[in-house]
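Comments concern the structure below.
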Amino acid sequence: MLEELFILIGGPLFQEILYLILLVLYKINLISTINFDILNLFHKNLLYFNFLPIIPLDGSKLLLLILEKIFPYKKSNIVLVIVSFVSIFLFATFEKRLVFILLACILIKSIVEEANMVNIKYNKFLVERYLKDFNFKKGKSINSIEKIKRSRKHKIIENNRVYTEKEYLDKYFK
């Protein structure tokens with residue numbers, strides 16, 4: 001998860017570096033005030049917009065990392081889709097300009113596609129857990145496979161029997 005956070009921060013960090021270069025060029029009078037103001041406004045809007053919690057923007061990826069600390073994997077993805085729909089509704093409600101309405105339509109398409117992929121992503125997640133040997137430090141006992149968290153190993157309790165994650169997934173996929 002830490003690797004994903006570094007990747008997530010990489011885009012905005014690079015954008016800030018470009019902004020600092022722009023600022024230096026402005027300070028040494030290689031960019032006019034009007035051009036700097038336009039580029040500065042573009043920079044800020046792009047940075048803020050990208051952190052909205054709407055799929056597929058970076059804000060949704062950050063929110064998913066937070067949700068995965070709180071909820072199981074599948075539930076985190078479902079909550080993310082719901083938050084994205086609410087956010088895009090609010091965004092479209094307050095921004096009445098045509099370009100934003102068109103952008104909202106494109107984003108809604110991405111959210112719907114992601115909503116349709118939740119079960120597929122969840123099954124892929126389970127297959128990866130089954131095929132790879134993860135060495136998690138924290139463990140947890142759960143009573144349903146739907147409660148598997150991303151960064152923990154699990155013992156699954158079913159019918160008064162305790163299964164390791166591998167044993168349960170082996171039974172699940174057969």
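Residue names in the structure tokens use chain letters A, B, ... in the order shown, residue numbers from 1 in each chain, and ligand numbers from 1 in the order shown.
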
Select from stretch 76-150 of chain A every residue with an atom at most 9 Å from any atom of stretch 158-169 of chain A, then for each give the shortest pair of atoms and their distance in Å to one decimal, using only C-alpha atoms, rows by chain and rising number, as CSV.
residue,atom,partner,partner_atom,distance
A:Leu126,CA,A:Leu169,CA,7.5
A:Val127,CA,A:Leu169,CA,8.1
A:Arg129,CA,A:Lys166,CA,7.8
A:Tyr130,CA,A:Lys166,CA,5.9
A:Leu131,CA,A:Lys166,CA,8.7
A:Ser141,CA,A:Val162,CA,8.7
A:Ile142,CA,A:Glu158,CA,8.9
A:Asn143,CA,A:Glu158,CA,6.2
A:Ser144,CA,A:Glu158,CA,7.7
A:Ile145,CA,A:Tyr168,CA,8.5

Using only C-alpha atoms, please write the residues we just selected to a file, as a CSV table (one decimal), in the first residue's frame.
chain,number,residue,atom,x,y,z
A,126,LEU,CA,-9.2,-13.8,-4.3
A,127,VAL,CA,-7.3,-15.6,-7.1
A,129,ARG,CA,-4.5,-14.4,-2.7
A,130,TYR,CA,-4.8,-18.0,-3.6
A,131,LEU,CA,-1.9,-18.2,-6.0
A,141,SER,CA,-10.2,-14.3,12.1
A,142,ILE,CA,-13.3,-13.8,10.0
A,143,ASN,CA,-16.6,-15.7,9.4
A,144,SER,CA,-17.0,-14.8,5.7
A,145,ILE,CA,-14.7,-14.6,2.7

Fill in: For stretch 11-20 of chain A: contacts at 9 Å, only C-alpha atoms, fewer than 3 positions along chain excluded, given as a PyMOL selection string
chain A and resi 7-8+23-25+39-40+43+47+50+58

Can you spit out the residues from that selection as a JSON list (two decimals), in the first residue's frame, using N, CA, C and O atoms?
[["chain", "number", "residue", "atom", "x", "y", "z"],
["A", 7, "ILE", "N", 3.32, 6.20, -5.63],
["A", 7, "ILE", "CA", 2.95, 6.36, -7.04],
["A", 7, "ILE", "C", 1.87, 7.42, -7.17],
["A", 7, "ILE", "O", 1.92, 8.29, -8.04],
["A", 8, "LEU", "N", 0.90, 7.39, -6.28],
["A", 8, "LEU", "CA", -0.20, 8.35, -6.28],
["A", 8, "LEU", "C", 0.31, 9.77, -6.07],
["A", 8, "LEU", "O", -0.16, 10.71, -6.72],
["A", 23, "LEU", "N", 7.22, 29.23, -12.13],
["A", 23, "LEU", "CA", 7.39, 30.36, -11.22],
["A", 23, "LEU", "C", 8.77, 31.02, -11.40],
["A", 23, "LEU", "O", 8.88, 32.25, -11.45],
["A", 24, "VAL", "N", 9.79, 30.21, -11.54],
["A", 24, "VAL", "CA", 11.15, 30.75, -11.77],
["A", 24, "VAL", "C", 11.20, 31.50, -13.09],
["A", 24, "VAL", "O", 11.75, 32.61, -13.17],
["A", 25, "LEU", "N", 10.60, 30.91, -14.13],
["A", 25, "LEU", "CA", 10.57, 31.59, -15.43],
["A", 25, "LEU", "C", 9.83, 32.92, -15.35],
["A", 25, "LEU", "O", 10.21, 33.90, -15.99],
["A", 39, "LEU", "N", -1.63, 30.16, -16.61],
["A", 39, "LEU", "CA", -1.01, 28.86, -16.31],
["A", 39, "LEU", "C", -1.15, 28.51, -14.82],
["A", 39, "LEU", "O", -1.35, 27.35, -14.47],
["A", 40, "ASN", "N", -1.06, 29.50, -13.96],
["A", 40, "ASN", "CA", -1.23, 29.29, -12.53],
["A", 40, "ASN", "C", -2.66, 28.82, -12.22],
["A", 40, "ASN", "O", -2.86, 27.88, -11.45],
["A", 43, "HIS", "N", -3.01, 25.29, -13.47],
["A", 43, "HIS", "CA", -2.29, 24.39, -12.56],
["A", 43, "HIS", "C", -3.12, 24.09, -11.31],
["A", 43, "HIS", "O", -3.31, 22.93, -10.94],
["A", 47, "LEU", "N", -4.86, 20.49, -10.37],
["A", 47, "LEU", "CA", -4.43, 19.83, -9.14],
["A", 47, "LEU", "C", -5.62, 19.53, -8.23],
["A", 47, "LEU", "O", -5.78, 18.41, -7.76],
["A", 50, "ASN", "N", -8.08, 16.89, -9.83],
["A", 50, "ASN", "CA", -7.55, 15.53, -9.82],
["A", 50, "ASN", "C", -7.71, 14.85, -8.46],
["A", 50, "ASN", "O", -7.72, 13.63, -8.37],
["A", 58, "ASP", "N", -7.18, 10.72, -9.21],
["A", 58, "ASP", "CA", -6.28, 10.33, -8.11],
["A", 58, "ASP", "C", -6.95, 10.40, -6.75],
["A", 58, "ASP", "O", -6.62, 9.63, -5.86]]

Practice prompt. Please give the complete set of residues from stretch 72-167 of chain A that DSSP, run on the backbone, assigns to strand (DSSP E or B), formatted as a list in words.
Written response: Gly139, Lys140, Ser141, Ile142, Lys153, His154, Lys155, Ile156, Ile157, Glu158, Arg161, Val162, Tyr163 and Thr164 of chain A

Just C-alpha atoms for this one: save the residues we selected as an mmCIF file, in the first residue's frame.
data_model
loop_
_atom_site.group_PDB
_atom_site.id
_atom_site.type_symbol
_atom_site.label_atom_id
_atom_site.label_comp_id
_atom_site.auth_asym_id
_atom_site.auth_seq_id
_atom_site.Cartn_x
_atom_site.Cartn_y
_atom_site.Cartn_z
ATOM 1 C CA GLY A 139 -3.851 -11.553 11.007
ATOM 2 C CA LYS A 140 -7.552 -11.672 11.626
ATOM 3 C CA SER A 141 -10.248 -14.297 12.123
ATOM 4 C CA ILE A 142 -13.327 -13.785 9.985
ATOM 5 C CA LYS A 153 -3.755 -12.797 6.546
ATOM 6 C CA HIS A 154 -6.951 -14.472 7.605
ATOM 7 C CA LYS A 155 -8.370 -17.488 9.302
ATOM 8 C CA ILE A 156 -11.874 -18.223 8.089
ATOM 9 C CA ILE A 157 -14.320 -19.798 10.525
ATOM 10 C CA GLU A 158 -17.092 -21.786 8.891
ATOM 11 C CA ARG A 161 -14.082 -25.249 11.651
ATOM 12 C CA VAL A 162 -11.117 -22.943 11.237
ATOM 13 C CA TYR A 163 -9.495 -22.755 7.804
ATOM 14 C CA THR A 164 -6.338 -20.951 6.769
#

Item to complete: Going by DSSP on the backbone, which bits of stretch 34-159 of chain A are alpha helix (DSSP H)? Write them as an NGL selection string, please.
Response: :A and (34-50 or 58-70 or 73-94 or 98-131)

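Nearest to A:Phe134 of all the residues A:Lys96, A:Lys61, A:Lys174, A:Arg152 is A:Arg152, counting only C-alpha atoms.
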
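Candidate residues A:Leu65, A:Val83, A:Ile70, A:Ile31 were compared for distance to A:Leu52, and the nearest is A:Val83, using only C-alpha atoms.
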